[in-house]
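A short worksheet on the structure shown next.
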Amino acid sequence: MGGLPTNRTVNGFAVEPGNPKVMYAAMRDGLFKSTDAGESWKRTGSELKNFAAVTVNPKNTRQLYVATADGKVSISTDGGLQWKAQQ
Amino acid sequence: MERKFYLWMWIGAMLIFNPTAVLGEQMEHRPAAAAAKTDQKKKGNDFEHIHALATDAEGRILFLGAHTGLFRSEDGGSSWKKMAVATQHPHLDVMAVTPDTKDSKTIYVATHEAGVFKSTDGGATWREVNTGLGGPDVHGLAIDPNTPSKLHAVVREKGEGVYRTTDSGGKWTRVDDGPGGEVKLLASVNIPTGMGGIFLYAGTAEGLQRSPDCF
């Protein structure tokens with residue numbers, strides 16, 4: 001296990017419905033992704049921070065939405081690599 | 001209390017000398033609230049503080065739970081409309097939004113001050129589903145992806161603990177003390193425990209924790 005900062009608040013969490021080993025954790029330090037059910041984590045979409053929440057589209061699991069604590073919503077269509085602000 | 005506590009295991013570990021973690025330490029002290037206020041004015045949004053984001057079962061509607069209530073978007077988050085959840089509680093602090101994983105018309109929300117609400121018509125009308133719930137401050141609400149009539153809720157302060165319903169909110173029963181630390185979210189994840197259940201994940205102030213859901 002590694003890569004996910006410990007003793008830090010996990011504000012948001014989502015998994016791919018059909019493949020729940022793919023997980024996302026929304027934290028102040030960034031968005032973290034695991035593809036092995038939480039054994040290891042890597043930060044994704046590195047320019048963004050201060051996440052409050054994350055969700056995966058159950059009909060298109062490459063499509064993710066995140067919200068930052070200050071109210072900005074962004075969308076990714078490639079599993080979290082690239083993000084586009086929605087507002 | 002102590003026996004139950006150890007059921008919840010921490011997930012992940014900090015990499016030693018991880019520069020991200022160090023940077024994060026500095027950010028903890030940033031006046032985030034002040035920055036947030038300015039941004040909202042620019043955007044015209046009125047969320048104040050966001051707690052939750054969820055997609056409906058059809059992947060068409062986004063729900064956002066915030067300090068100022070429940071919002072929905074039909075254009076992928078570009079525009080948001082506030083939803084009226086309960087007239088007797090006009091200023092609900094929405095802590096969790098939990099759409100049914102199979103029926104896109106059924107949605108549950110957890111609130112800071114009035115427990116759990118349920119809608120079966122896509123959010124047009126809502127009713128309280130709090131029978132058996134020990135307190136009004138619900139910080140996490142998880143729906144079982146295999147059996148959507150089974151949900152778990154984390155209650156804070158009065159009546160603290162994890163509660164379970166097996167009849168879509170008809171009645172709640174306290175089943176566990178819950179994870180340590182302030183709970184931010186609860187999620188049922190379809191990973192078998194080997195004991196007949198699946199795992200419950202909790203996002204807390206101390207990191208991500210998980211426990212088998214067969215309390």
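Chain labels run A, B, ... following the order of the structure tokens; each chain numbers its residues from 1, and ligands are numbered from 1 in the order shown.
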
* Please provide as a VMD selection string all residues within 8 Å of B:Phe47, with the sequence filter that same-chain residues fewer than 6 positions apart are discarded (counting only C-alpha atoms). => (chain A and resid 71) or (chain B and resid 40 66 to 69)

Next, the residues of the selection above should be written as a tab-separated table (two decimals), in the first residue's frame with C-alpha atoms.
```tsv
chain	number	residue	atom	x	y	z
A	71	GLY	CA	-17.42	25.20	-5.89
B	40	GLN	CA	-18.40	31.76	-5.52
B	66	ALA	CA	-23.59	21.35	-0.32
B	67	HIS	CA	-23.85	23.41	2.83
B	68	THR	CA	-26.65	25.35	1.12
B	69	GLY	CA	-28.68	22.34	-0.04
```

* For stretch 187-193 of chain B, work out the shell of residues within 10 Å, counting only C-alpha atoms and skipping chain neighbours fewer than 3 positions away, then give it as a ChimeraX atom specification. => /A:12-21,23,37 /B:98,140-146,150-153,196-203,210-214

* **Residues of chain A within 8 Å of chain B, only C-alpha atoms counted, as a count of residues only** => 45

* Mind checking DSSP for stretch 126-191 of chain B and telling me the strand (DSSP E) residues as an MDAnalysis selection string? -> chainID B and resid 127:128 138:143 151:155 161:165 173:176 183:191

* **Nearest-residue call for B:Gly122, choices B:Lys158, B:Gly194, B:Val94, B:Arg72, using only C-alpha atoms** =>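 With only C-alpha atoms as the atom set, the closest residue is B:Arg72.
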
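Every residue of chain B found in alpha helix (DSSP H) when DSSP is run on the backbone appears here: Glu2, Arg3, Lys4, Phe5, Pro19, Thr20, Ala21, Val22, Leu23, Gly24, Glu25, Gln26, Met27, Ala32, Ala33, Ala34, Ala35, Ala36, Lys37, Thr38, Asp39, Gln40, Lys41, Lys42 and Lys43 of chain B.
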
For B:Gly115, list every protein, DNA or RNA residue within 6 Å, evaluated using only C-alpha atoms, and leave out those in the same chain fewer than 3 positions away; present the list as a compact mmCIF listing (two decimals) with N, CA and C atoms, in the first residue's frame.
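Result file is part_8.txt:
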```txt
# COMPACT_ATOMS: atom_id res chain seq x y z
N ALA B 110 -28.42 12.48 2.68
CA ALA B 110 -28.15 12.53 4.12
C ALA B 110 -27.89 13.98 4.49
N THR B 111 -28.47 14.41 5.60
CA THR B 111 -28.31 15.81 6.00
C THR B 111 -27.69 15.95 7.39
N PRO B 136 -29.90 13.01 14.13
CA PRO B 136 -30.19 13.70 12.87
C PRO B 136 -28.96 14.00 11.99
N ASP B 137 -27.74 13.88 12.56
CA ASP B 137 -26.54 14.33 11.83
C ASP B 137 -25.91 13.14 11.08
N VAL B 138 -26.26 12.99 9.81
CA VAL B 138 -25.80 11.85 9.03
C VAL B 138 -24.69 12.30 8.08
```

* Among listed residues A:Thr61, A:Phe51, A:Asp36, A:Thr44, nearest A:Leu81 (using only C-alpha atoms) ->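 That would be A:Thr44, the residue with the smallest distance to A:Leu81.
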
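Atom CA of B:Leu133 lies 13.3 Å from atom CA of B:Ser168.
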
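Taking atom CA of B:Met83 and atom CA of B:Lys105 as the two end points, the separation is 14.4 Å.
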